[in-house]
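Some notes on the structure that comes next.
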Amino acid sequence: MYECDLKRMDEKIKTFSKFGDTGNGGITRFSLSPAAIQARNEIKARMTKLGLDFKTDDLGDIYCTLPPTQAAGPGETEPGIIMSGSHCDSVRQGGNFDGILGVLTAMEMIETIVTKKIPHKHPIQLVVWTNEEGALYEPAMMCSGILCNKFEKDKMFNSLAKDGSGITFGQALKKSGFKGDISNRINPAKTKGLVELHIEQGPVLEEGGFDVGVVKGVVGMINYEFTFKGQADHAGTFPMPYRKDALFAASQALIYLHQEFDKLADSDLVYTTGKISCHPDIHTVIPDEVKFSLDVRHADPEIIKKCVKIIQKMPKEWANCQMTYKPDWTRETILFDKKLVQNVQQAADQLGYKSHVMYSGAGHDAQYLSEIVPTTMIFVPSKGGHSHCELEYSPSEWCWKGANVLLNTVLEIDKQ
Ligand SMILES: [Zn+2]
């Protein structure tokens with residue numbers, strides 16, 4: 001079994017944590033911002049120094065390719081590319097691991113192959129997807145989404161920065177100097193597989209004492225918007241029995257939903273109301289319209305169906321207010337490539353690491369890419385489960401173990 005270099009891994013994490021440093025242990029590195037350009041330039045400098053070919057596509061996605069050192073097997077006229085990477089942008093006051101760790105471990109994996117002169121038959125490629133977070137230019141997973149025909153390129157290029165600057169994603173990309181040719185995009189026919197390493201962003205691996213997560217897929221989810229219509233009246237003069245308080249109605253319905261979902265007694269089921277609006281949002285006025293979101297996730301479509309039934313069977317009247325709801329969007333559970341999942345498992349076993357087979361509860365670029373190329377993911381534990389915040393942390397040794405699993409997974413794929 002090969003191993004990466006722990007010191008080099010640590011240095012990479014520390015160096016990249018300077019690009020967009022908030023001074024509080026985290027980073028703000030919006031896609032195509034000056035901090036992101038610094039990170040991109042550093043990736044380019046390091047990879048070209050190692051002798052890799054550097055290219056970007058028309059979306060600014062980065063591809064750095066290490067050519068094979070050995071001839072392909074008899075059946076393979078043109079050996080397929082083995083890809084690994086993630087994203088280098090972050091949310092506002094995010095951490096030093098989400099996304100970037102997948103880039104840095106792929107860089108460390110490639111550096112190990114180069115410096116140890118490990119023979120391989122396939123091109124090995126670092127990939128950095130543009131604008132995964134969608135924190136400045138919505139939506140999230142923008143460029144992997146364009147590549148996989150989820151979003152229209154023109155529409156995405158017109159996505160306006162949320163900072164009020166009036167700049168579009170397309171303008172920022174042009175200015176960045178990282179806009180390349182459309183012909184450089186990932187070519188599924190020439191790609192053997194994609195492995196994305198990512199932090200878990202939850203507490204399961206750390207609590208179970210696991211070194212790595214073997215990711216089977218991404219859980220399915222449903223999103224609903226609920227609306228409650230009441231009557232606005234004076235908060236001081238209107239007696240309680242006559243009121244149609246939309247916020248009071250919504251709060252009761254929300255508690256009902258939690259209680260009903262709890263009755264399913266499934267510890268893998270998660271549900272969240274993270275967005276709420278209250279009209280007119282004035283402390284002296286009884287609210288007349290309240291909306292809230294509901295996000296429900298589980299890998300088993302049968303459990304999701306049960307949740308939909310609970311929603312459909314809900315009373316339509318709450319505290320004298322009318323309730324309506326509409327599904328916003330859904331995602332089916334995505335299963336990663338079985339063979340690649342096995343390769344990750346085998347690499348972890350052979351390294352003597354304690355691993356845990358799990359689903360990802362969050363969306364990742366790999367989820368879209370899995371529709372066009374064989375794909376899988378590796379999770380590294382997150383301390384305390386924290387993510388998308390400055391507390392996000394995975395000790396370098398944990399990251400290095402993840403890199404070792406990635407390295408041996410890639411070398412195993414290379415044998416096939
Ligand atoms: Zn991420």
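Each chain of the structure tokens is named A, B, ... in the order shown, its residues numbered from 1; ligands are numbered from 1 in display order.
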
Inset, instruction - Would you mind listing the residues within 9 Å of ligand 1, counting only C-alpha atoms and all ligand atoms, as a list of chain:residue names? - result: A:Ser86, A:His87, A:Cys88, A:Asp89, A:Ser90, A:Phe97, A:Asp98, A:Gly99, A:Ile100, A:Leu101, A:Gly102, A:Glu132, A:Glu133, A:His198, A:Ile199, A:Gln201, A:Ala362, A:Gly363, A:His364, A:Asp365, A:His388

Inset, instruction - Identify, on the basis of only C-alpha atoms, every residue whose closest approach to Cys389 in chain A does not exceed 8 Å; exclude the query and any residue fewer than 2 positions from it along the same chain; express the result as a count of residues only. - result: 8

Inset, instruction - Tell me, as a list in words, which residues lie within 9 Å of range 256-271 of chain A, counting only C-alpha atoms; anything in the same chain fewer than 2 positions away does not count. - result: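 Selected residues are Ser251, Gln252, Ala253, Leu254, Thr273, Leu294, Asp295, Val296, Arg297, His298, Ala299, Ile303, Ile304, Lys306, Cys307, Ile310, Ile311, Met314 and Gly361 of chain A.
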
Within 12 Å of range 181-191 of chain A, which residues of range 137-170 of chain A come that close, and what is the closest atom pair and distance in Å for each? Count only C-alpha atoms and give it as a tab-separated table.
residue	atom	partner	partner_atom	distance
A:Cys143	CA	A:Arg185	CA	10.6
A:Ser144	CA	A:Ile186	CA	9.9
A:Ile146	CA	A:Arg185	CA	10.7
A:Leu147	CA	A:Arg185	CA	7.8
A:Cys148	CA	A:Ile186	CA	10.1
A:Lys153	CA	A:Ile182	CA	11.4

So that I have them on file, write out the residues from the current selection with C-alpha atoms, as a short mmCIF file (atom, residue, chain, number, x, y, z; two decimals), in the first residue's frame.
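And here is the file that came out, result.cif:
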data_model
loop_
_atom_site.label_atom_id
_atom_site.label_comp_id
_atom_site.auth_asym_id
_atom_site.auth_seq_id
_atom_site.Cartn_x
_atom_site.Cartn_y
_atom_site.Cartn_z
CA CYS A 143 -20.97 24.39 -13.32
CA SER A 144 -21.23 20.65 -12.68
CA ILE A 146 -24.30 22.90 -16.64
CA LEU A 147 -22.00 20.01 -17.62
CA CYS A 148 -24.72 17.50 -16.78
CA LYS A 153 -25.39 27.92 -19.59
#

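Every residue of range 110-149 of chain A found in strand (DSSP E) when DSSP is run on the backbone appears here: A:Ile124, A:Gln125, A:Leu126, A:Val127, A:Val128, A:Trp129.
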
Dump as a Markdown table the rows for residues of range 203-240 of chain A within 6 Å of range 347-357 of chain A: closest atom pair and distance in Å with one decimal, only C-alpha atoms counted, ordered by chain and rising residue number.
| residue | atom | partner | partner_atom | distance |
| --- | --- | --- | --- | --- |
| A:Phe210 | CA | A:Lys354 | CA | 5.0 |
| A:Asp211 | CA | A:Lys354 | CA | 5.3 |
| A:Val212 | CA | A:Ser355 | CA | 5.0 |
| A:Gly213 | CA | A:His356 | CA | 4.9 |
| A:Val214 | CA | A:Val357 | CA | 4.6 |
| A:Val215 | CA | A:Val357 | CA | 5.9 |

Those selected residues, please, written with C-alpha atoms and delivered as a PDB file, in the first residue's frame.
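New file result-v3.pdb:
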ATOM      1  CA  PHE A 210     -14.176   5.871  11.933  1.00  0.00           C
ATOM      2  CA  ASP A 211     -11.225   6.963   9.801  1.00  0.00           C
ATOM      3  CA  VAL A 212     -13.173   7.339   6.568  1.00  0.00           C
ATOM      4  CA  GLY A 213     -16.661   7.137   5.124  1.00  0.00           C
ATOM      5  CA  VAL A 214     -17.309   4.914   2.119  1.00  0.00           C
ATOM      6  CA  VAL A 215     -20.057   6.848   0.362  1.00  0.00           C
TER       7      VAL A 215
END

Legend entry - Within 7 Å of range 243-246 of chain A using only C-alpha atoms, minus same-chain residues under 4 positions, as a PyMOL selection string: chain A and resi 228-231+238-239+250+286-290+319-321

Keeping only C-alpha atoms, take the residues you just selected and write them out as a compact mmCIF listing (two decimals), in the first residue's frame.
# COMPACT_ATOMS: atom_id res chain seq x y z
CA PHE A 228 -50.95 30.00 5.78
CA LYS A 229 -53.54 32.69 5.11
CA GLY A 230 -55.11 34.58 7.99
CA GLN A 231 -56.36 38.10 8.60
CA PHE A 238 -58.64 42.31 18.49
CA PRO A 239 -59.77 39.71 21.09
CA ALA A 250 -48.02 27.83 10.94
CA ILE A 286 -51.54 40.05 13.58
CA PRO A 287 -49.76 38.21 10.72
CA ASP A 288 -52.01 37.53 7.71
CA GLU A 289 -49.65 35.42 5.65
CA VAL A 290 -46.87 33.07 6.68
CA ALA A 319 -56.19 28.06 14.04
CA ASN A 320 -58.86 29.53 11.72
CA CYS A 321 -56.33 29.93 8.90

Legend entry - Within 7 Å of range 104-117 of chain A using only C-alpha atoms, minus same-chain residues under 6 positions, as a VMD selection string: chain A and resid 4 9 12 84 to 85 126 403 407

Inset, instruction - May I ask for the distance between CA of Trp129 in chain A and CA of Gln171 in chain A, given in Å to one decimal place? - result: 17.5 Å

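Between CA of Phe248 in chain A and CA of His283 in chain A there is a distance of 13.7 Å.
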
Inset, instruction - List every residue of range 241-275 of chain A that DSSP, applied to the backbone of this structure, places in alpha helix (DSSP H), and write the result as a list in words. - result: Ala246, Leu247, Phe248, Ala249, Ala250, Ser251, Gln252, Ala253, Leu254, Ile255, Tyr256, Leu257, His258, Gln259, Glu260, Phe261, Asp262 and Lys263 of chain A

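Of the residues listed (A:Asn408, A:Thr227, A:Asn158, A:Ser394), A:Thr227 shows the shortest atom-to-atom separation from Met323 in chain A; distances use only C-alpha atoms.
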
Inset, instruction - With a distance cut-off of 9 Å and only C-alpha atoms, select the neighbouring residues of Thr330 in chain A, excluding the residue or stretch itself and same-chain residues fewer than 6 positions from it, and output the selection as a list in words. - result: Gly220, Met221, Ile222, Asn223 and Tyr224 of chain A

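We find CA of Met1 in chain A and CA of Val405 in chain A to be spaced 9.7 Å apart.
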
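Each of A:Ser360, A:Ser396, A:Thr237, A:Gln367 was compared to Phe379 in chain A using only C-alpha atoms, and A:Ser360 turns out to be the nearest.
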
Could I get the residues of range 53-148 of chain A with an atom no further than 10 Å from an atom of range 177-180 of chain A, each paired with its nearest atom pair and that distance in Å to one decimal, using only C-alpha atoms, sorted by chain and residue number, as a Markdown table?
| residue | atom | partner | partner_atom | distance |
| --- | --- | --- | --- | --- |
| A:Lys55 | CA | A:Gly180 | CA | 7.1 |
| A:Thr56 | CA | A:Gly180 | CA | 4.7 |
| A:Asp57 | CA | A:Gly180 | CA | 4.3 |
| A:Asp58 | CA | A:Gly180 | CA | 4.6 |
| A:Leu59 | CA | A:Lys179 | CA | 6.1 |
| A:Gly60 | CA | A:Lys179 | CA | 4.7 |
| A:Asp61 | CA | A:Phe178 | CA | 8.0 |
| A:Ile62 | CA | A:Phe178 | CA | 8.1 |
| A:Thr130 | CA | A:Phe178 | CA | 9.9 |

For Gly217 in chain A, find every residue with an atom within 10 Å (counting only C-alpha atoms), except residues of its own chain fewer than 6 positions away, and show them as a PDB file with N, CA and C atoms, in the first residue's frame.
ATOM      1  N   ALA A 299     -32.590   8.121   2.328  1.00  0.00           N
ATOM      2  CA  ALA A 299     -32.118   7.347   1.175  1.00  0.00           C
ATOM      3  C   ALA A 299     -33.198   6.428   0.608  1.00  0.00           C
ATOM      4  N   THR A 333     -32.855   9.518  -4.681  1.00  0.00           N
ATOM      5  CA  THR A 333     -31.593   9.024  -4.121  1.00  0.00           C
ATOM      6  C   THR A 333     -30.664   8.606  -5.259  1.00  0.00           C
ATOM      7  N   ILE A 334     -29.422   9.048  -5.173  1.00  0.00           N
ATOM      8  CA  ILE A 334     -28.439   8.731  -6.211  1.00  0.00           C
ATOM      9  C   ILE A 334     -27.495   7.651  -5.687  1.00  0.00           C
ATOM     10  N   LEU A 335     -27.304   6.606  -6.478  1.00  0.00           N
ATOM     11  CA  LEU A 335     -26.372   5.543  -6.080  1.00  0.00           C
ATOM     12  C   LEU A 335     -25.091   5.683  -6.887  1.00  0.00           C
ATOM     13  N   PHE A 336     -23.965   5.656  -6.183  1.00  0.00           N
ATOM     14  CA  PHE A 336     -22.682   5.752  -6.875  1.00  0.00           C
ATOM     15  C   PHE A 336     -22.331   4.413  -7.522  1.00  0.00           C
ATOM     16  N   ASP A 337     -21.296   4.452  -8.357  1.00  0.00           N
ATOM     17  CA  ASP A 337     -20.848   3.275  -9.103  1.00  0.00           C
ATOM     18  C   ASP A 337     -20.385   2.165  -8.133  1.00  0.00           C
ATOM     19  N   LYS A 338     -21.039   1.005  -8.227  1.00  0.00           N
ATOM     20  CA  LYS A 338     -20.788  -0.091  -7.259  1.00  0.00           C
ATOM     21  C   LYS A 338     -19.317  -0.498  -7.212  1.00  0.00           C
ATOM     22  N   VAL A 341     -17.236   2.130  -5.482  1.00  0.00           N
ATOM     23  CA  VAL A 341     -17.509   2.098  -4.033  1.00  0.00           C
ATOM     24  C   VAL A 341     -16.699   0.955  -3.405  1.00  0.00           C
ATOM     25  N   VAL A 357     -19.831   2.634   5.908  1.00  0.00           N
ATOM     26  CA  VAL A 357     -20.566   2.809   4.661  1.00  0.00           C
ATOM     27  C   VAL A 357     -21.758   3.723   4.936  1.00  0.00           C
ATOM     28  N   MET A 358     -21.898   4.756   4.136  1.00  0.00           N
ATOM     29  CA  MET A 358     -22.936   5.749   4.432  1.00  0.00           C
ATOM     30  C   MET A 358     -23.401   6.475   3.169  1.00  0.00           C
ATOM     31  N   TYR A 359     -24.506   7.206   3.320  1.00  0.00           N
ATOM     32  CA  TYR A 359     -24.967   8.100   2.265  1.00  0.00           C
ATOM     33  C   TYR A 359     -24.527   9.518   2.590  1.00  0.00           C
ATOM     34  N   SER A 360     -24.432  10.334   1.565  1.00  0.00           N
ATOM     35  CA  SER A 360     -24.228  11.753   1.790  1.00  0.00           C
ATOM     36  C   SER A 360     -25.587  12.407   1.952  1.00  0.00           C
ATOM     37  N   GLY A 361     -25.716  13.227   2.992  1.00  0.00           N
ATOM     38  CA  GLY A 361     -26.969  13.960   3.181  1.00  0.00           C
ATOM     39  C   GLY A 361     -26.958  15.273   2.416  1.00  0.00           C
ATOM     40  N   GLY A 363     -25.692  17.696  -1.001  1.00  0.00           N
ATOM     41  CA  GLY A 363     -25.425  17.595  -2.432  1.00  0.00           C
ATOM     42  C   GLY A 363     -23.969  17.929  -2.712  1.00  0.00           C
ATOM     43  N   ALA A 366     -20.203  15.676  -7.336  1.00  0.00           N
ATOM     44  CA  ALA A 366     -20.162  14.259  -7.714  1.00  0.00           C
ATOM     45  C   ALA A 366     -21.556  13.692  -7.995  1.00  0.00           C
ATOM     46  N   GLN A 367     -22.540  14.287  -7.347  1.00  0.00           N
ATOM     47  CA  GLN A 367     -23.907  13.795  -7.525  1.00  0.00           C
ATOM     48  C   GLN A 367     -24.388  14.019  -8.973  1.00  0.00           C
ATOM     49  N   SER A 370     -22.165  11.896 -11.425  1.00  0.00           N
ATOM     50  CA  SER A 370     -22.429  10.453 -11.390  1.00  0.00           C
ATOM     51  C   SER A 370     -23.424  10.049 -12.489  1.00  0.00           C
ATOM     52  N   THR A 375     -18.808   7.241 -10.797  1.00  0.00           N
ATOM     53  CA  THR A 375     -18.403   8.193  -9.756  1.00  0.00           C
ATOM     54  C   THR A 375     -18.551   7.584  -8.372  1.00  0.00           C
ATOM     55  N   THR A 376     -17.695   8.019  -7.457  1.00  0.00           N
ATOM     56  CA  THR A 376     -17.938   7.736  -6.043  1.00  0.00           C
ATOM     57  C   THR A 376     -17.288   8.812  -5.187  1.00  0.00           C
ATOM     58  N   MET A 377     -17.504   8.720  -3.861  1.00  0.00           N
ATOM     59  CA  MET A 377     -16.947   9.705  -2.938  1.00  0.00           C
ATOM     60  C   MET A 377     -16.305   9.036  -1.728  1.00  0.00           C
TER      61      MET A 377
END
